[in-house]
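K.L.:
Supplied structure: structure-v8.tsv, TSV, C-alpha atoms and all ligand atoms.
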chain	number	residue	atom	x	y	z
A	1	MET	CA	-66.98	22.81	7.64
A	2	PRO	CA	-66.13	22.35	11.33
A	3	ALA	CA	-62.83	20.73	12.26
A	4	THR	CA	-62.89	17.30	13.86
A	5	PHE	CA	-60.36	16.47	16.52
A	6	LEU	CA	-59.70	14.13	19.35
A	7	GLY	CA	-60.04	16.23	22.45
A	8	PRO	CA	-61.21	16.23	26.02
A	9	VAL	CA	-64.85	16.37	26.91
A	10	CYS	CA	-65.93	19.06	29.29
A	11	HIS	CA	-68.28	17.55	31.87
A	12	ARG	CA	-70.15	20.70	32.63
A	13	SER	CA	-72.18	19.09	35.36
A	14	SER	CA	-69.10	18.01	37.30
A	15	ALA	CA	-67.33	19.97	39.93
A	16	ASP	CA	-63.60	20.36	39.10
A	17	CYS	CA	-63.29	20.35	35.34
A	18	VAL	CA	-60.09	21.88	34.01
A	19	LEU	CA	-62.13	23.34	31.17
A	20	CYS	CA	-65.29	24.64	32.79
A	21	ARG	CA	-63.51	25.14	36.13
A	22	LYS	CA	-66.45	23.75	38.05
A	23	ALA	CA	-64.46	21.10	39.83
A	24	ALA	CA	-64.35	17.27	39.27
A	25	CYS	CA	-63.80	15.95	35.84
A	26	ARG	CA	-60.66	15.14	33.96
A	27	PRO	CA	-60.21	15.54	30.22
A	28	ASN	CA	-61.66	12.52	28.48
A	29	PHE	CA	-59.75	11.83	25.29
A	30	SER	CA	-61.88	8.84	24.42
A	31	ARG	CA	-64.47	10.83	22.51
A	32	LEU	CA	-64.30	12.74	19.30
A	33	VAL	CA	-65.44	16.28	19.86
A	34	VAL	CA	-66.41	18.65	17.11
A	35	LEU	CA	-65.92	22.23	18.17
A	36	GLN	CA	-67.30	25.05	16.12
A	37	ILE	CA	-66.94	28.78	16.48
A	38	THR	CA	-70.40	30.29	16.76
A	39	GLN	CA	-69.88	33.97	17.50
A	40	VAL	CA	-67.23	36.69	17.16
A	41	THR	CA	-67.60	39.64	19.54
A	42	PRO	CA	-65.26	42.65	19.49
A	43	PHE	CA	-64.63	45.06	22.37
A	44	LEU	CA	-63.01	48.45	21.76
A	45	VAL	CA	-61.73	49.85	25.05
A	46	ASP	CA	-60.93	53.45	25.98
A	47	THR	CA	-57.64	53.47	27.88
A	48	GLY	CA	-57.94	57.13	28.72
A	49	GLY	CA	-54.72	57.71	26.81
A	50	SER	CA	-53.78	58.10	23.19
A	51	LYS	CA	-54.36	54.46	22.27
A	52	SER	CA	-57.38	52.18	22.55
A	53	TRP	CA	-57.38	48.41	23.06
A	54	LEU	CA	-59.26	46.11	20.68
A	55	PHE	CA	-60.20	42.68	21.98
A	56	VAL	CA	-62.17	39.85	20.44
A	57	LYS	CA	-64.06	37.04	22.10
A	58	LEU	CA	-64.88	33.82	20.25
A	59	ASP	CA	-67.74	31.63	21.44
A	60	THR	CA	-68.04	27.95	20.54
A	61	ASP	CA	-70.87	25.47	20.49
A	62	GLU	CA	-69.19	23.59	23.38
A	63	GLY	CA	-69.21	26.60	25.65
A	64	LEU	CA	-65.48	27.27	25.47
A	65	VAL	CA	-64.51	30.86	24.75
A	66	GLY	CA	-61.30	32.33	23.41
A	67	TRP	CA	-59.79	35.81	23.70
A	68	GLY	CA	-57.57	37.70	21.27
A	69	GLU	CA	-56.23	41.23	20.91
A	70	ALA	CA	-55.53	43.38	17.85
A	71	TYR	CA	-52.87	46.08	17.70
A	72	THR	CA	-54.34	49.55	17.32
A	73	GLN	CA	-53.22	53.07	16.57
A	74	GLN	CA	-54.88	56.33	17.48
A	75	ASP	CA	-57.50	57.43	14.93
A	76	ARG	CA	-57.13	54.10	13.11
A	77	ASP	CA	-58.93	51.93	15.68
A	78	ALA	CA	-62.38	52.28	14.09
A	79	ALA	CA	-60.95	50.96	10.82
A	80	MET	CA	-59.31	48.09	12.68
A	81	LEU	CA	-62.59	47.27	14.43
A	82	ALA	CA	-64.40	47.21	11.07
A	83	HIS	CA	-61.72	44.91	9.68
A	84	LEU	CA	-62.03	42.58	12.65
A	85	VAL	CA	-65.81	42.35	12.28
A	86	GLU	CA	-65.52	41.77	8.54
A	87	MET	CA	-62.90	39.05	8.86
A	88	GLY	CA	-64.63	37.47	11.86
A	89	ARG	CA	-67.63	36.60	9.70
A	90	HIS	CA	-65.39	34.12	7.89
A	91	LEU	CA	-64.42	32.38	11.12
A	92	VAL	CA	-67.95	31.54	12.26
A	93	GLY	CA	-68.67	27.89	11.52
A	94	ARG	CA	-65.00	26.88	11.40
A	95	GLY	CA	-63.16	24.82	13.97
A	96	PRO	CA	-60.68	26.53	16.32
A	97	PHE	CA	-57.94	23.96	15.61
A	98	ALA	CA	-57.65	24.86	11.91
A	99	ILE	CA	-55.45	27.82	12.82
A	100	LYS	CA	-52.80	27.64	10.11
A	101	HIS	CA	-55.36	27.05	7.40
A	102	PHE	CA	-57.49	30.00	8.53
A	103	SER	CA	-54.46	32.32	8.55
A	104	SER	CA	-53.41	31.11	5.12
A	105	VAL	CA	-56.79	31.55	3.45
A	106	MET	CA	-57.29	34.96	5.04
A	107	TYR	CA	-54.02	36.07	3.40
A	108	LEU	CA	-54.63	34.31	0.08
A	109	ASP	CA	-58.39	34.29	-0.48
A	110	TYR	CA	-59.65	37.13	1.73
A	111	ALA	CA	-56.85	39.69	1.28
A	112	LEU	CA	-55.83	38.43	-2.17
A	113	ARG	CA	-52.20	38.90	-1.11
A	114	ARG	CA	-52.81	42.64	-0.55
A	115	PRO	CA	-52.62	42.98	3.22
A	116	ALA	CA	-52.38	46.21	5.23
A	117	MET	CA	-51.62	46.68	8.92
A	118	GLU	CA	-55.35	46.60	9.68
A	119	PHE	CA	-55.54	43.16	8.05
A	120	TRP	CA	-52.65	41.79	10.10
A	121	SER	CA	-54.04	43.26	13.32
A	122	ALA	CA	-57.48	41.73	12.83
A	123	LEU	CA	-56.03	38.36	11.83
A	124	SER	CA	-53.72	38.38	14.84
A	125	ALA	CA	-56.61	38.86	17.26
A	126	LEU	CA	-58.67	36.05	15.75
A	127	GLU	CA	-55.65	33.73	15.58
A	128	GLN	CA	-54.82	34.27	19.25
A	129	ALA	CA	-58.41	33.54	20.25
A	130	MET	CA	-58.32	30.28	18.28
A	131	TRP	CA	-55.19	29.25	20.19
A	132	ASP	CA	-56.90	30.15	23.47
A	133	ILE	CA	-59.75	27.78	22.66
A	134	ALA	CA	-57.38	25.07	21.40
A	135	GLY	CA	-55.39	25.23	24.63
A	136	LYS	CA	-58.50	25.12	26.78
A	137	ALA	CA	-59.87	22.19	24.80
A	138	CYS	CA	-56.64	20.27	25.40
A	139	GLY	CA	-56.33	21.39	29.01
A	140	GLN	CA	-52.87	22.86	28.27
A	141	PRO	CA	-51.25	26.27	28.14
A	142	VAL	CA	-50.62	27.25	24.54
A	143	TYR	CA	-46.83	26.96	24.86
A	144	ASN	CA	-47.24	23.23	25.53
A	145	LEU	CA	-48.84	22.92	22.09
A	146	LEU	CA	-45.95	24.81	20.45
A	147	GLY	CA	-43.00	22.72	21.54
A	148	GLY	CA	-43.09	23.33	25.26
A	149	PRO	CA	-41.38	25.89	27.45
A	150	CYS	CA	-37.73	26.90	27.02
A	151	ARG	CA	-37.84	28.99	30.22
A	152	ALA	CA	-39.95	29.33	33.35
A	153	ARG	CA	-40.22	33.10	33.43
A	154	ILE	CA	-40.12	35.88	30.87
A	155	ARG	CA	-37.91	38.94	31.18
A	156	VAL	CA	-39.65	42.25	30.48
A	157	TYR	CA	-38.49	45.82	30.02
A	158	ALA	CA	-40.50	48.85	31.10
A	159	ASN	CA	-41.91	51.26	28.55
A	160	GLY	CA	-44.48	54.07	28.77
A	161	TRP	CA	-42.80	55.63	31.82
A	162	SER	CA	-41.19	58.62	30.09
A	163	GLU	CA	-44.11	60.05	28.11
A	164	GLN	CA	-44.43	63.29	30.09
A	165	SER	CA	-40.67	63.86	30.35
A	166	ARG	CA	-39.06	66.80	28.58
A	167	THR	CA	-35.79	67.79	30.22
A	168	PRO	CA	-32.89	65.36	30.76
A	169	ASP	CA	-33.47	65.66	34.52
A	170	GLN	CA	-37.12	64.63	34.13
A	171	TYR	CA	-36.09	61.57	32.13
A	172	ALA	CA	-33.54	60.70	34.80
A	173	GLN	CA	-35.99	61.09	37.67
A	174	ARG	CA	-38.67	58.96	36.04
A	175	ALA	CA	-36.11	56.32	35.08
A	176	CYS	CA	-35.10	56.01	38.73
A	177	GLU	CA	-38.75	55.59	39.73
A	178	VAL	CA	-39.11	52.68	37.32
A	179	VAL	CA	-35.89	51.06	38.51
A	180	ALA	CA	-37.14	51.39	42.09
A	181	ARG	CA	-40.12	49.24	41.08
A	182	GLY	CA	-37.74	46.41	40.20
A	183	PHE	CA	-37.30	46.82	36.46
A	184	THR	CA	-33.78	46.04	35.26
A	185	ALA	CA	-34.33	47.24	31.70
A	186	LEU	CA	-36.16	50.31	30.41
A	187	LYS	CA	-36.88	51.73	27.01
A	188	PHE	CA	-37.46	55.31	25.96
A	189	ASP	CA	-37.46	57.55	22.91
A	190	PRO	CA	-35.02	60.40	23.58
A	191	PHE	CA	-36.13	62.26	20.48
A	192	SER	CA	-39.07	64.69	20.34
A	193	ASN	CA	-42.08	64.89	18.10
A	194	PRO	CA	-42.94	65.59	15.37
A	195	TRP	CA	-41.69	62.86	13.06
A	196	ARG	CA	-39.29	64.13	10.42
A	197	THR	CA	-36.23	62.69	8.81
A	198	HIS	CA	-33.63	65.43	9.30
A	199	ILE	CA	-33.93	66.41	12.93
A	200	GLY	CA	-31.30	69.15	13.32
A	201	ARG	CA	-28.39	69.73	15.67
A	202	ALA	CA	-30.38	71.04	18.66
A	203	GLU	CA	-32.71	68.04	18.66
A	204	GLU	CA	-29.79	65.66	18.28
A	205	ASP	CA	-27.87	67.23	21.16
A	206	LEU	CA	-30.95	67.12	23.40
A	207	ALA	CA	-31.48	63.41	22.64
A	208	VAL	CA	-27.88	62.64	23.55
A	209	GLU	CA	-28.19	64.58	26.81
A	210	ARG	CA	-31.37	62.74	27.73
A	211	VAL	CA	-29.62	59.40	27.27
A	212	ARG	CA	-26.61	60.64	29.24
A	213	ALA	CA	-28.88	61.74	32.11
A	214	VAL	CA	-30.66	58.39	32.27
A	215	ARG	CA	-27.42	56.40	32.18
A	216	GLU	CA	-25.86	58.50	34.92
A	217	ALA	CA	-29.02	58.21	37.04
A	218	VAL	CA	-29.61	54.45	36.81
A	219	GLY	CA	-25.98	53.30	36.80
A	220	SER	CA	-24.31	50.66	34.72
A	221	SER	CA	-26.30	47.64	35.90
A	222	VAL	CA	-29.62	48.71	34.33
A	223	GLU	CA	-30.14	48.16	30.61
A	224	ILE	CA	-31.32	51.19	28.66
A	225	LEU	CA	-33.02	50.56	25.32
A	226	ILE	CA	-33.00	53.41	22.82
A	227	GLU	CA	-36.16	53.84	20.75
A	228	VAL	CA	-35.94	55.90	17.55
A	229	HIS	CA	-39.33	55.18	15.94
A	230	ARG	CA	-38.05	55.26	12.33
A	231	ARG	CA	-37.22	58.98	12.62
A	232	LEU	CA	-33.74	59.29	11.15
A	233	ALA	CA	-31.91	59.27	7.84
A	234	PRO	CA	-29.08	56.72	7.61
A	235	ASN	CA	-26.29	59.30	7.98
A	236	GLU	CA	-27.97	60.77	11.08
A	237	ALA	CA	-28.59	57.33	12.54
A	238	ILE	CA	-24.92	56.39	12.09
A	239	ARG	CA	-23.64	59.65	13.57
A	240	ILE	CA	-25.99	59.53	16.58
A	241	ALA	CA	-25.20	55.87	17.22
A	242	GLY	CA	-21.56	56.88	17.46
A	243	ARG	CA	-22.43	59.52	20.06
A	244	LEU	CA	-24.55	57.07	22.07
A	245	GLU	CA	-22.07	54.19	22.17
A	246	GLN	CA	-20.34	55.66	25.27
A	247	PHE	CA	-23.58	55.06	27.23
A	248	GLN	CA	-23.65	51.36	26.27
A	249	PRO	CA	-27.31	51.05	25.28
A	250	PHE	CA	-28.75	47.55	25.22
A	251	TRP	CA	-30.10	48.25	21.73
A	252	TYR	CA	-30.85	50.84	19.04
A	253	GLU	CA	-34.46	50.36	17.91
A	254	GLU	CA	-35.67	51.26	14.42
A	255	PRO	CA	-33.06	53.96	13.72
A	256	ILE	CA	-34.52	54.36	10.20
A	257	ASP	CA	-37.62	53.28	8.32
A	258	PRO	CA	-37.19	49.57	7.51
A	259	GLU	CA	-38.73	50.15	4.09
A	260	ASP	CA	-35.20	51.30	3.26
A	261	MET	CA	-33.76	47.90	4.18
A	262	ALA	CA	-30.43	48.59	2.46
A	263	GLY	CA	-30.13	51.80	4.47
A	264	LEU	CA	-30.89	49.91	7.69
A	265	ALA	CA	-28.23	47.33	6.83
A	266	GLU	CA	-25.77	50.17	6.27
A	267	VAL	CA	-26.56	51.60	9.71
A	268	ARG	CA	-26.02	48.18	11.26
A	269	ARG	CA	-22.65	47.74	9.53
A	270	ARG	CA	-21.43	51.09	10.83
A	271	THR	CA	-22.36	50.85	14.51
A	272	SER	CA	-21.52	48.46	17.31
A	273	LEU	CA	-24.99	48.98	18.84
A	274	PRO	CA	-27.37	46.06	18.32
A	275	VAL	CA	-29.93	47.20	15.74
A	276	VAL	CA	-33.61	46.27	16.19
A	277	THR	CA	-36.36	46.24	13.60
A	278	GLY	CA	-39.60	44.32	13.08
A	279	GLU	CA	-42.54	46.11	14.70
A	280	ALA	CA	-43.40	47.77	11.39
A	281	LEU	CA	-42.87	44.59	9.37
A	282	TYR	CA	-45.67	42.09	8.99
A	283	SER	CA	-45.04	39.45	6.38
A	284	LYS	CA	-42.54	36.61	6.19
A	285	ALA	CA	-41.26	38.14	2.94
A	286	GLN	CA	-40.35	41.33	4.79
A	287	PHE	CA	-38.57	39.45	7.55
A	288	ALA	CA	-36.74	37.37	4.95
A	289	GLN	CA	-35.32	40.63	3.58
A	290	VAL	CA	-33.98	41.54	7.03
A	291	PHE	CA	-32.06	38.25	7.10
A	292	ALA	CA	-30.89	38.39	3.50
A	293	GLN	CA	-29.47	41.90	3.95
A	294	ARG	CA	-28.25	41.25	7.50
A	295	ALA	CA	-30.09	44.42	8.50
A	296	ALA	CA	-30.71	43.70	12.19
A	297	ASP	CA	-29.39	41.90	15.25
A	298	ILE	CA	-32.77	41.68	16.98
A	299	LEU	CA	-36.34	41.47	15.68
A	300	ASN	CA	-39.31	42.90	17.56
A	301	PRO	CA	-42.45	41.65	15.78
A	302	ASP	CA	-45.72	42.26	17.61
A	303	VAL	CA	-47.97	39.26	18.22
A	304	CYS	CA	-50.99	41.54	17.79
A	305	ASN	CA	-50.06	42.57	14.25
A	306	CYS	CA	-47.66	40.01	12.78
A	307	GLY	CA	-50.38	37.42	12.19
A	308	GLY	CA	-50.59	36.02	15.69
A	309	ILE	CA	-48.99	33.38	17.86
A	310	LEU	CA	-47.91	30.85	15.25
A	311	ALA	CA	-46.73	33.62	12.91
A	312	LEU	CA	-44.48	35.06	15.62
A	313	LYS	CA	-43.10	31.62	16.41
A	314	GLU	CA	-42.39	30.97	12.73
A	315	ILE	CA	-40.58	34.32	12.38
A	316	ALA	CA	-38.51	33.43	15.44
A	317	SER	CA	-37.63	30.03	13.97
A	318	ALA	CA	-36.60	31.63	10.68
A	319	ALA	CA	-34.33	34.02	12.59
A	320	GLU	CA	-32.38	31.28	14.39
A	321	PRO	CA	-29.87	30.37	11.65
A	322	TRP	CA	-29.13	34.08	11.10
A	323	HIS	CA	-28.15	34.54	14.76
A	324	VAL	CA	-30.96	37.04	15.19
A	325	ALA	CA	-32.63	37.29	18.60
A	326	ILE	CA	-36.34	37.96	19.23
A	327	ALA	CA	-37.66	40.66	21.53
A	328	PRO	CA	-41.43	40.77	20.93
A	329	HIS	CA	-42.91	44.25	20.70
A	330	ASN	CA	-46.02	44.62	22.85
A	331	TYR	CA	-47.63	48.03	22.57
A	332	ASN	CA	-50.87	46.37	23.59
A	333	SER	CA	-52.69	45.78	26.84
A	334	THR	CA	-51.10	44.04	29.80
A	335	SER	CA	-53.81	41.37	29.48
A	336	VAL	CA	-54.49	39.37	26.28
A	337	GLY	CA	-51.73	40.86	24.10
A	338	LEU	CA	-49.23	40.30	26.88
A	339	ALA	CA	-50.57	36.77	27.47
A	340	SER	CA	-50.06	35.85	23.82
A	341	THR	CA	-46.58	37.38	23.92
A	342	LEU	CA	-45.70	35.32	27.00
A	343	GLN	CA	-46.94	32.10	25.39
A	344	VAL	CA	-44.67	32.53	22.36
A	345	SER	CA	-41.75	33.92	24.35
A	346	ALA	CA	-41.87	30.78	26.49
A	347	CYS	CA	-41.13	28.42	23.65
A	348	ILE	CA	-38.61	30.18	21.38
A	349	PRO	CA	-34.93	29.47	22.08
A	350	ASN	CA	-33.78	32.84	20.69
A	351	PHE	CA	-36.04	34.95	22.94
A	352	LEU	CA	-34.27	37.95	24.47
A	353	ILE	CA	-36.74	40.21	26.33
A	354	THR	CA	-40.23	41.62	25.80
A	355	GLU	CA	-42.12	44.83	26.38
A	356	TYR	CA	-44.34	45.84	29.30
A	357	PHE	CA	-46.15	49.18	29.35
A	358	VAL	CA	-46.21	50.33	32.95
A	359	ASN	CA	-48.79	53.03	32.21
A	360	PHE	CA	-51.25	50.34	31.02
A	361	ALA	CA	-50.94	48.14	34.10
A	362	SER	CA	-53.71	49.72	36.18
A	363	LEU	CA	-56.50	49.39	33.60
A	364	GLY	CA	-55.08	46.04	32.47
A	365	SER	CA	-55.56	44.74	36.00
A	366	GLU	CA	-59.13	46.06	36.14
A	367	ILE	CA	-60.28	44.23	33.00
A	368	ALA	CA	-58.41	40.94	33.59
A	369	SER	CA	-59.54	38.10	35.79
A	370	ARG	CA	-56.03	37.60	37.15
A	371	PRO	CA	-53.46	40.09	35.90
A	372	PHE	CA	-49.86	39.10	35.31
A	373	GLU	CA	-47.50	40.19	38.05
A	374	VAL	CA	-44.09	41.65	37.25
A	375	LYS	CA	-41.47	40.72	39.79
A	376	ASP	CA	-37.80	41.63	39.39
A	377	SER	CA	-38.44	42.50	35.73
A	378	HIS	CA	-39.85	39.02	35.03
A	379	ILE	CA	-43.29	37.41	34.66
A	380	GLU	CA	-43.85	33.78	35.61
A	381	LEU	CA	-45.29	31.60	32.87
A	382	PRO	CA	-49.05	31.11	33.24
A	383	THR	CA	-50.03	27.48	33.75
A	384	GLU	CA	-53.75	27.66	33.03
A	385	PRO	CA	-55.13	26.09	29.84
A	386	GLY	CA	-55.14	28.40	26.83
A	387	LEU	CA	-53.58	31.85	26.99
A	388	GLY	CA	-53.92	31.96	30.77
A	389	ILE	CA	-56.09	35.04	30.97
A	390	GLU	CA	-59.79	35.87	31.01
A	391	LEU	CA	-61.37	39.29	30.60
A	392	ASP	CA	-64.21	40.79	32.61
A	393	GLU	CA	-66.86	41.74	30.06
A	394	SER	CA	-68.59	44.15	32.43
A	395	ALA	CA	-65.28	46.00	32.86
A	396	LEU	CA	-64.85	46.08	29.08
A	397	GLN	CA	-68.33	47.59	28.73
A	398	ARG	CA	-67.56	50.10	31.46
A	399	HIS	CA	-64.59	51.36	29.47
A	400	LYS	CA	-66.13	51.10	26.02
A	401	LEU	CA	-64.64	53.61	23.58
A	402	PRO	CA	-67.26	56.22	22.62
A	403	ALA	CA	-68.23	56.19	18.95
A	404	GLU	CA	-67.89	59.97	18.77
A	405	ARG	CA	-64.48	61.26	19.78
A	406	ARG	CA	-62.19	64.08	18.84
A	407	PRO	CA	-59.33	63.31	16.46
A	408	ARG	CA	-55.84	64.11	17.66
A	409	HIS	CA	-54.14	67.23	16.42
A	410	ILE	CA	-52.08	66.67	13.28
A	411	ARG	CA	-49.70	69.52	12.46
A	412	THR	CA	-50.49	71.97	9.70
A	413	TYR	CA	-47.86	73.39	7.36
A	414	ASP	CA	-47.63	76.68	9.20
A	415	GLU	CA	-46.63	74.81	12.36
A	416	GLU	CA	-43.58	73.33	10.65
A	417	GLN	CA	-40.19	74.66	11.70
B	1	MG	MG	-40.55	50.68	18.76
Please render this file's structure as structure tokens.

P.N.:
Amino acid sequence: MPATFLGPVCHRSSADCVLCRKAACRPNFSRLVVLQITQVTPFLVDTGGSKSWLFVKLDTDEGLVGWGEAYTQQDRDAAMLAHLVEMGRHLVGRGPFAIKHFSSVMYLDYALRRPAMEFWSALSALEQAMWDIAGKACGQPVYNLLGGPCRARIRVYANGWSEQSRTPDQYAQRACEVVARGFTALKFDPFSNPWRTHIGRAEEDLAVERVRAVREAVGSSVEILIEVHRRLAPNEAIRIAGRLEQFQPFWYEEPIDPEDMAGLAEVRRRTSLPVVTGEALYSKAQFAQVFAQRAADILNPDVCNCGGILALKEIASAAEPWHVAIAPHNYNSTSVGLASTLQVSACIPNFLITEYFVNFASLGSEIASRPFEVKDSHIELPTEPGLGIELDESALQRHKLPAERRPRHIRTYDEEQ
């Protein structure tokens, strides 16, 4: 059943239409238009690094198209693609304005209240693409349909700059390079792989020295954001936080696995560092537990795996009375995922800062019609209808992820220390 709505009519034969971009018509709200999604097309893109990008394009019977992006992880992207294709079959024939209903029935009827990260990632991509179409149909950026902007530009922090660093000096040198590009906030994980809970004294000392080197190199005016990636046990997280406080980090991200919410709340009570969690939480029930246990100062849900644009906005609204700020995670491309992040960040009063992967910028610019520009650690709000970004399908095809590819190396027991 297609949705019926009062919307503008795209005069495709005219010259300056805000929708078809050809040139001369204005939205005509005098006619009922029935839009229907007719096709769902995924694109899995090889970034050349450890992570792929998964985009989706929705076509409609009126010619409008919408773009969305799903969060991916290495070696799990094929499963996410399959999930996106499977779920997309249920979107064909529906109207792009029935966003909340689609999200609800995917959770209730499709997933039968048994979601996994792949479910949330696929839903997020489809949801974003529906908003893109809705915005284009109304001739408005998405944030104008979500309460309007609370700010004109969005502050971003740099991530992805430290991946090849090993020694404290290497971290310091690369941090200075990022600051020289205008970033006023930068995030890094001072710990080393592999993931384990009890990391040992040598690893702990090295992490502290890496943070010390970066702080001394960039000075006191640059914010440094400490990423822990759920590595630590609560007692380690508390002890290390105490050692890091002298460097005045902007935040302490995921010191422990948030599945141990009581443990995370204990860490928060015993450090003055602002504690972040959220990128590994997906449902409103999980975020409600963060509030109830006062387990975090800042949430970092990801618009590409929390259920999409409206889901992220609703999480942000729920956080307001708990004095919890929102810093959207964005380990996605610098195109559609970033566009969706910007749209939500624009219209939430408790927004703090969001993530920008500097190592993704080059390919992101190649696949996008008009990439977002970072200036002085900020991105101006897009003003185009919809998400404010279009992708170049020929570029997506050029960088298509091969079906056959080597899995990454996962440690064996005899490699354990
Ligand atoms: Mg993180």

K.L.:
Residues within 8 Å of (-27.8, 35.8, 10.8), file coordinates, counting all atoms listed in the file: what are they? Give the list as number ranges by chain.

P.N.:
A: 291, 294, 297, 319-324

K.L.:
Expressed in Å to a single decimal, how great is the separation between CA of Gln74 (chain A) and CA of Asp414 (chain A)?

P.N.:
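A separation of 23.1 Å between them.
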
K.L.:
For the atom pair CA of Ala233 (chain A) and CA of Ala265 (chain A), what is the interatomic distance in Å to one decimal place?

P.N.:
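Computed distance, CA of Ala233 (chain A) to CA of Ala265 (chain A), equals 12.5 Å.
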
K.L.:
Please identify all protein, DNA and RNA residues within 7 Å of ligand MG 1 (chain B), counting all atoms listed in the file, and report them as a list in words.

P.N.:
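So, counting all atoms listed in the file, the residues near ligand MG 1 (chain B) are Glu227, His229, Glu253, Glu254 and Glu279 of chain A.
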
K.L.:
Excluding Arg89 (chain A) and its own-chain neighbours fewer than 2 positions away, which residues fall within 12 Å of it when counting all atoms listed in the file? Please give them as a PyMOL selection string.

P.N.:
chain A and resi 37-42+58+82-87+91-94+106+110+122-123+126

K.L.:
Within 9 Å of Thr72 (chain A), counting all atoms listed in the file, which residues show up once you throw out same-chain ones fewer than 2 positions away? Write them as a JSON list (two decimals) with C-alpha atoms, in the coordinates of the input, please.

P.N.:
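That gives us part_25.json:
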[["chain", "number", "residue", "atom", "x", "y", "z"],
["A", 51, "LYS", "CA", -54.36, 54.46, 22.27],
["A", 52, "SER", "CA", -57.38, 52.18, 22.55],
["A", 53, "TRP", "CA", -57.38, 48.41, 23.06],
["A", 54, "LEU", "CA", -59.26, 46.11, 20.68],
["A", 70, "ALA", "CA", -55.53, 43.38, 17.85],
["A", 74, "GLN", "CA", -54.88, 56.33, 17.48],
["A", 75, "ASP", "CA", -57.50, 57.43, 14.93],
["A", 76, "ARG", "CA", -57.13, 54.10, 13.11],
["A", 77, "ASP", "CA", -58.93, 51.93, 15.68],
["A", 80, "MET", "CA", -59.31, 48.09, 12.68],
["A", 118, "GLU", "CA", -55.35, 46.60, 9.68],
["A", 121, "SER", "CA", -54.04, 43.26, 13.32],
["A", 304, "CYS", "CA", -50.99, 41.54, 17.79],
["A", 305, "ASN", "CA", -50.06, 42.57, 14.25],
["A", 331, "TYR", "CA", -47.63, 48.03, 22.57],
["A", 332, "ASN", "CA", -50.87, 46.37, 23.59]]

K.L.:
Within 10 Å of Pro234 (chain A), counting all atoms listed in the file, which residues show up once you throw out same-chain ones fewer than 3 positions away? Write them as a list in words, please.

P.N.:
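Everything that qualifies: Thr197, His198, Arg231, Ala237, Ile238, Arg239, Ile240, Pro255, Ile256, Asp257, Asp260, Ala262, Gly263, Leu264, Ala265, Glu266, Val267 and Arg268 of chain A.
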
K.L.:
Please, which residues in region 105-149 of chain A fall within 12 Å of region 335-347 of chain A when counting only C-alpha atoms, and what is the closest atom pair and distance in Å to one decimal for each, ordered by chain then residue number, as JSON lines?

P.N.:
{"residue": "A:Ser121", "atom": "CA", "partner": "A:Gly337", "partner_atom": "CA", "distance": 11.3}
{"residue": "A:Ser124", "atom": "CA", "partner": "A:Gly337", "partner_atom": "CA", "distance": 9.8}
{"residue": "A:Ala125", "atom": "CA", "partner": "A:Gly337", "partner_atom": "CA", "distance": 8.6}
{"residue": "A:Leu126", "atom": "CA", "partner": "A:Ser340", "partner_atom": "CA", "distance": 11.8}
{"residue": "A:Glu127", "atom": "CA", "partner": "A:Ser340", "partner_atom": "CA", "distance": 10.2}
{"residue": "A:Gln128", "atom": "CA", "partner": "A:Ser340", "partner_atom": "CA", "distance": 6.8}
{"residue": "A:Ala129", "atom": "CA", "partner": "A:Val336", "partner_atom": "CA", "distance": 9.3}
{"residue": "A:Met130", "atom": "CA", "partner": "A:Ser340", "partner_atom": "CA", "distance": 11.4}
{"residue": "A:Trp131", "atom": "CA", "partner": "A:Ser340", "partner_atom": "CA", "distance": 9.1}
{"residue": "A:Asp132", "atom": "CA", "partner": "A:Ser340", "partner_atom": "CA", "distance": 8.9}
{"residue": "A:Gly135", "atom": "CA", "partner": "A:Gln343", "partner_atom": "CA", "distance": 10.9}
{"residue": "A:Gln140", "atom": "CA", "partner": "A:Gln343", "partner_atom": "CA", "distance": 11.4}
{"residue": "A:Pro141", "atom": "CA", "partner": "A:Gln343", "partner_atom": "CA", "distance": 7.8}
{"residue": "A:Val142", "atom": "CA", "partner": "A:Gln343", "partner_atom": "CA", "distance": 6.1}
{"residue": "A:Tyr143", "atom": "CA", "partner": "A:Gln343", "partner_atom": "CA", "distance": 5.2}
{"residue": "A:Asn144", "atom": "CA", "partner": "A:Cys347", "partner_atom": "CA", "distance": 8.2}
{"residue": "A:Leu145", "atom": "CA", "partner": "A:Cys347", "partner_atom": "CA", "distance": 9.6}
{"residue": "A:Leu146", "atom": "CA", "partner": "A:Cys347", "partner_atom": "CA", "distance": 6.8}
{"residue": "A:Gly147", "atom": "CA", "partner": "A:Cys347", "partner_atom": "CA", "distance": 6.4}
{"residue": "A:Gly148", "atom": "CA", "partner": "A:Cys347", "partner_atom": "CA", "distance": 5.7}
{"residue": "A:Pro149", "atom": "CA", "partner": "A:Cys347", "partner_atom": "CA", "distance": 4.6}

K.L.:
How would you write as an mmCIF file with C-alpha atoms, in the frame of the given file the residues that get within 9 Å of (-36.4, 67.4, 19.9) in the file's frame, counting only C-alpha atoms?

P.N.:
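So the final result, stored in result.cif, reads:
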data_model
loop_
_atom_site.group_PDB
_atom_site.id
_atom_site.type_symbol
_atom_site.label_atom_id
_atom_site.label_comp_id
_atom_site.auth_asym_id
_atom_site.auth_seq_id
_atom_site.Cartn_x
_atom_site.Cartn_y
_atom_site.Cartn_z
ATOM 1 C CA PRO A 190 -35.020 60.400 23.580
ATOM 2 C CA PHE A 191 -36.130 62.260 20.480
ATOM 3 C CA SER A 192 -39.070 64.690 20.340
ATOM 4 C CA ASN A 193 -42.080 64.890 18.100
ATOM 5 C CA PRO A 194 -42.940 65.590 15.370
ATOM 6 C CA ILE A 199 -33.930 66.410 12.930
ATOM 7 C CA GLY A 200 -31.300 69.150 13.320
ATOM 8 C CA ALA A 202 -30.380 71.040 18.660
ATOM 9 C CA GLU A 203 -32.710 68.040 18.660
ATOM 10 C CA GLU A 204 -29.790 65.660 18.280
ATOM 11 C CA ASP A 205 -27.870 67.230 21.160
ATOM 12 C CA LEU A 206 -30.950 67.120 23.400
ATOM 13 C CA ALA A 207 -31.480 63.410 22.640
#
